Each structure stands twice: as structure tokens, then as C-alpha cells.
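Notes to accompany the following structure.
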Amino acid sequence: MDQHEKTESPLLRTLSFGVLFLAGLLSLWQRADHRPPEEEVERFRSNQMSFFMKLQVSYAVLPELASDYGQDPTEARNSAVESIQQVCDSSMAASASDQVQCAVLLAYLQADFEKYTTRTGPLQDEFETLYINGKPLQAEAGLFKTPVGDLVRLKQYRLLGKEERASELHQKLKEQASRSYGLQVFFVITFLAVLVIGFSFAVAAIRKKPVQQFGIALLSVPAGHFRVFLEATILTFFGIAALLPLLGGLIPESMRMYGIVGLHFLLLVGVLVYVARQSSVETLQKVFGDWHYRPGHQLLIGFLGWCAIVPVGLMSAMVLIQQAASDPVEQSHPIAFVLQDHFLAAFILAVVLAPLMEEIVFRGFLYGYLRSRFSILAAAPLTGLVFAILHPQGVAAMPYLFMLGTGLCLLREYNRSLVPAIFAHMVTNGLVMVISYSMMAS
């Protein structure tokens, strides 16, 4: 390294990486104006609304089971109406089809649906025929094929006097509503359990007064090597923002996702080789830490750290959740648009490669560089802020990503390796992937 410092111009090197950083910023800014193909956007919106509308069907039926759960039926009905109106008044439900489905839901609850029947079109005509004029629909009517089709079918059966079929369908809807309620209760209990585990872990960690493992490890890193950490961060950012999209566009459509996975892997390997050559293997080892030390214990710490970080991050983002719900396309990660067609490749990229790369770069190189100059209280939030800004989910996800990025820095700081932070990141991305895929496939 000393030889490199003698023969290379620090000014030229700084300018070179400055140009790369600006090129990456420019690419990110240009891509911000680019939307996925319109057919992908439309399918994404359609799947999202299908999921939410099916959920609202259960909400509409649930008041009939209120007494079974010790709730007041009138309060349960009012709550269901409010929930449906909240979804239907958002920009998510902007299409004529969505508005008609909203009218069907509210008609079932015997609530005012007039504001959702102002559009014109085949579905609107069918709604008027069945719900306003009281006349049955043709068997091939489009309203039967919508996510609220079971409610329409129930109305038709009752209109035709087919009480046995109506009773069977009504029972099926109540069973679905009961399962939906059970899942909601399960998720609430699970979330509370995670909160308790995370809070207990945080309190125990503070009382134990853990050693600043990463800070101590950095003391033995030569001062000149920290510059390489920053350069590696800039190289990675440039590669992801500018280089990989360009190379990915050259890969045939049928193999593009797998090609992108391969390119991310090569970028990670290339950055690691660069750091090892420009600093030393020993310095790179300081970034990874002692990952051989009690690996099972490190994974457990990663899970407990996830319990402490993610719920707090989600609660911090609650203030902006409404904005995310109002425009799911703008607030979604680009990978959400390819989940249905390329789940395996997307899973490898998001749950394996992305946590590895981002933890090495953000919690290893960038945090290591900042930690060599600032205290934990400054370096961790700064890293978390950069982490949040460089993610493409939009403003609504910023608080959550900031808390996640900052918390993962603390996991690295107070543990002997990157393993806990990597595992916590994998758990986070894995859950998001599974939930997103479930919504898309519903």
C-alpha cells in the first residue's frame, strides 16, 4: 500500500471516484423518472386491488360474526364501512371497476354507496340492474368475475329465491371472514411478541454494556486504508446505479433476471478484490469480523436484533403509511414488478445477494469509514440516512429504512462480525418477499 501511495496521485484518484459518484447520482436521478412498462404497472395495480378487495369482502361479512368474538355488531359494521371507504377513497381505487366493487361492498352492509356509482361502463350497468332495479344478471356478467363476485352472486341467488345455494355461499363467506379475522389476530399477537422480545433484548444489551467490537477492530486498520472503504462504497453505488442497468439491458429478456443476479454477484466479488488489493486481506478481514465464532449464537443475536429494529422502524413510518397506500406503484421497490414471473431469481437477489452486498458495503465499508472519524452516535445515523436515501421505495419508506440502516450499524458495532446484521437483513427481505408474493398471487 505504501508503494501505491508513492506512485499514485491522490488528487487524480479523488477526481476519478468523484466522477463515478456523480455518474451514479445522475443515473439514479434519471431512473427516478422512468416507470416500469405500462402493462407491468397495470398488472401490479390490478393485483394489489384484487388483494385489497378480497380482504374488504371479509371485512364486510365479519360484522355478522361480531357476537361470536364478544364485539358489538353495530360497532363492527361501522368499522367495516369505515375501512372500506378508506380504501375506496384512495387513489388505489381510481378505476371504474374499483368504484363499482366499492359500491357492492357498501350495498352488502346497507351503507350509502351512491358516490361510487357515478361512472359509466358495463360493470356500472350491471350493478344498476342488480342492485337498483332488482333484476338478475346474465350468467356471464363481468361483475361475477371481480374480486367481490361472491357478494354479487349471493345477491343474485337471493333475488332468484335460490335460498339453499345462497345459504351455502353465505356460510362459505363467513368461514373466510373467520379465517381472515384469525389471521389478523395471529399477526397482531406475533407483532406484540416480537416487540416484547426486541424490547427485552435491547434492555438486556444496554444493561450488559457491550464492548464496541467494530470500533476496537478498526483501531488496528492503517489510516490510509479507510480511504479504500469510501472508494469501495462509491464503486458499488456506481455499479448498481449506472453500470448494472446498462449491462442488464444487453441481456435477452428471457434470461435478464438471472443475468442481473449474476452481475450483482460479480460486482460484489469485484469490490472485495479491489479492497483486498488496495488495502490488504487483513483489513478486509476486519470488515467481516470473526464469523467463525459461535455462528449459531451470532444468528440468534441477528434474529433478536431484528426483533428490536424492525417493529420500531415500522412504527416510525406509520405517519407516512397513508401516502404509501395511496400510490403503491410509486412506493414499491422495482423488484415487486417481477415477483410473479421470476420469483426464484428475485428471491436470490433480494434475500441472499442484496443483504450480503449491502451489509458489506454499508455496515462494513461506509460505516467503517465514518466510524474512523466520528462516534457511534454520529456514524450510525449517517450510514442509516445514506442507506435510506439510496433505496428506491420513496418517501413513505424513509423512516423505516433509516431505522433499519441505523440499527444494523449497531448490530455490527457490538458484535464480532457482520453475521448478525446480514442475518437480520435477510429475515427482513425474506418476509417482505413472501408477503409481497402472496399479495401478487392472491
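Following the order of the C-alpha cells, chains are lettered A, B, ..., residues in each are numbered from 1, and ligands are numbered from 1.
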
Would you give me, as a tab-separated table, each residue of stretch 217-319 of chain A having an atom within 7 Å of an atom of stretch 412-417 of chain A, along with its shortest atom pair and that distance in Å to one decimal, using only C-alpha atoms and sorting by chain and residue number?
```
residue	atom	partner	partner_atom	distance
A:Phe288	CA	A:Ser417	CA	5.5
A:Gly289	CA	A:Ser417	CA	3.9
A:Asp290	CA	A:Ser417	CA	5.2
A:Trp291	CA	A:Ser417	CA	5.3
```

C-alpha atoms of the current selection, written as a PDB file, in the first residue's frame:
```
ATOM      1  CA  PHE A 288     -16.105  -9.199   8.043  1.00  0.00           C
ATOM      2  CA  GLY A 289     -15.051  -9.883  11.608  1.00  0.00           C
ATOM      3  CA  ASP A 290     -14.746 -13.278  13.248  1.00  0.00           C
ATOM      4  CA  TRP A 291     -17.669 -15.032  11.555  1.00  0.00           C
TER       5      TRP A 291
END
```

List the neighbours of stretch 71-79 of chain A out to 10 Å using only C-alpha atoms; skip same-chain residues closer than 6 positions along the sequence, and give me the result as a PDB file with N, CA and C atoms, in the first residue's frame.
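Output saved as result09.pdb:
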```
ATOM      1  N   TYR A  59     -64.033  -8.177   5.490  1.00  0.00           N
ATOM      2  CA  TYR A  59     -64.429  -7.119   6.420  1.00  0.00           C
ATOM      3  C   TYR A  59     -65.936  -6.885   6.372  1.00  0.00           C
ATOM      4  N   ALA A  60     -66.505  -6.968   5.165  1.00  0.00           N
ATOM      5  CA  ALA A  60     -67.937  -6.713   5.010  1.00  0.00           C
ATOM      6  C   ALA A  60     -68.776  -7.795   5.692  1.00  0.00           C
ATOM      7  N   VAL A  61     -68.287  -9.042   5.682  1.00  0.00           N
ATOM      8  CA  VAL A  61     -69.035 -10.160   6.265  1.00  0.00           C
ATOM      9  C   VAL A  61     -68.771 -10.290   7.767  1.00  0.00           C
ATOM     10  N   LEU A  62     -67.615  -9.829   8.222  1.00  0.00           N
ATOM     11  CA  LEU A  62     -67.181 -10.027   9.598  1.00  0.00           C
ATOM     12  C   LEU A  62     -68.171  -9.514  10.659  1.00  0.00           C
ATOM     13  N   PRO A  63     -68.866  -8.375  10.445  1.00  0.00           N
ATOM     14  CA  PRO A  63     -69.818  -7.920  11.474  1.00  0.00           C
ATOM     15  C   PRO A  63     -70.866  -8.954  11.839  1.00  0.00           C
ATOM     16  N   GLU A  64     -71.182  -9.871  10.931  1.00  0.00           N
ATOM     17  CA  GLU A  64     -72.164 -10.909  11.228  1.00  0.00           C
ATOM     18  C   GLU A  64     -71.636 -11.917  12.243  1.00  0.00           C
ATOM     19  N   LEU A  65     -70.316 -11.921  12.450  1.00  0.00           N
ATOM     20  CA  LEU A  65     -69.697 -12.815  13.423  1.00  0.00           C
ATOM     21  C   LEU A  65     -69.273 -12.076  14.680  1.00  0.00           C
ATOM     22  N   GLN A  85     -64.451   2.387   3.018  1.00  0.00           N
ATOM     23  CA  GLN A  85     -64.431   3.745   2.470  1.00  0.00           C
ATOM     24  C   GLN A  85     -63.012   4.294   2.402  1.00  0.00           C
ATOM     25  N   LEU A 109     -73.399  -4.035   3.124  1.00  0.00           N
ATOM     26  CA  LEU A 109     -73.507  -3.544   4.501  1.00  0.00           C
ATOM     27  C   LEU A 109     -74.659  -2.573   4.681  1.00  0.00           C
ATOM     28  N   GLN A 110     -75.448  -2.391   3.624  1.00  0.00           N
ATOM     29  CA  GLN A 110     -76.595  -1.472   3.646  1.00  0.00           C
ATOM     30  C   GLN A 110     -76.151  -0.051   4.013  1.00  0.00           C
ATOM     31  N   ALA A 111     -74.996   0.335   3.466  1.00  0.00           N
ATOM     32  CA  ALA A 111     -74.468   1.685   3.657  1.00  0.00           C
ATOM     33  C   ALA A 111     -74.622   2.478   2.368  1.00  0.00           C
TER      34      ALA A 111
END
```

Inset, instruction - Mind listing the alpha helix (DSSP H) residues of stretch 47-291 of chain A, per DSSP on the backbone, as a PyMOL selection string? - result: chain A and resi 47-61+73-88+96-108+122-127+149-160+163-208+213-218+226-238+244-248+256-278+281-288

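Atom CA of A:Ser254 to atom CA of A:Met433 spans 21.5 Å [interatomic distance, one decimal].
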
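Closest approach to A:Met49 among A:Ala378, A:Val386, A:Val211, A:Ala94: A:Ala94, based on only C-alpha atoms.
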
Inset, instruction - Figure out the distance between atom CA of A:Ala345 and atom CA of A:Leu268, please, to one decimal in Å. - result: 16.8 Å

Inset, instruction - Determine the nearest neighbour of A:Gly364 from the options A:Phe214, A:Leu349, A:Gly259, A:Ile240, counting only C-alpha atoms. - result: A:Phe214

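Of the listed residues (A:Ile197, A:Val87, A:Ala66, A:Val419), A:Val419 comes nearest to A:Arg363; the distances count only C-alpha atoms.
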
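Separating atom CA of A:His225 from atom CA of A:Phe17 is a distance of 15.4 Å.
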
Inset, instruction - Compile the contact shell of A:Leu130 as a ChimeraX atom specification: residues with an atom at most 12 Å away, counting only C-alpha atoms, same-chain residues fewer than 3 positions apart removed. - result: /A:103-104,107,123-127,133-138,141,143-144,151-160

Inset, instruction - For A:Leu408, please output as a list in words all residues within 10 Å (counting only C-alpha atoms; exclusion window: fewer than 2 positions along the same chain). - result: Gly302, Gly305, Trp306, Ile309, Glu359, Phe362, Arg363, Ala380, Thr383, Gly384, Phe402, Met403, Leu404, Gly405, Thr406, Leu410, Leu411, Arg412, Glu413, Leu418, Pro420, Ala421, Ile422, Ala424 and His425 of chain A
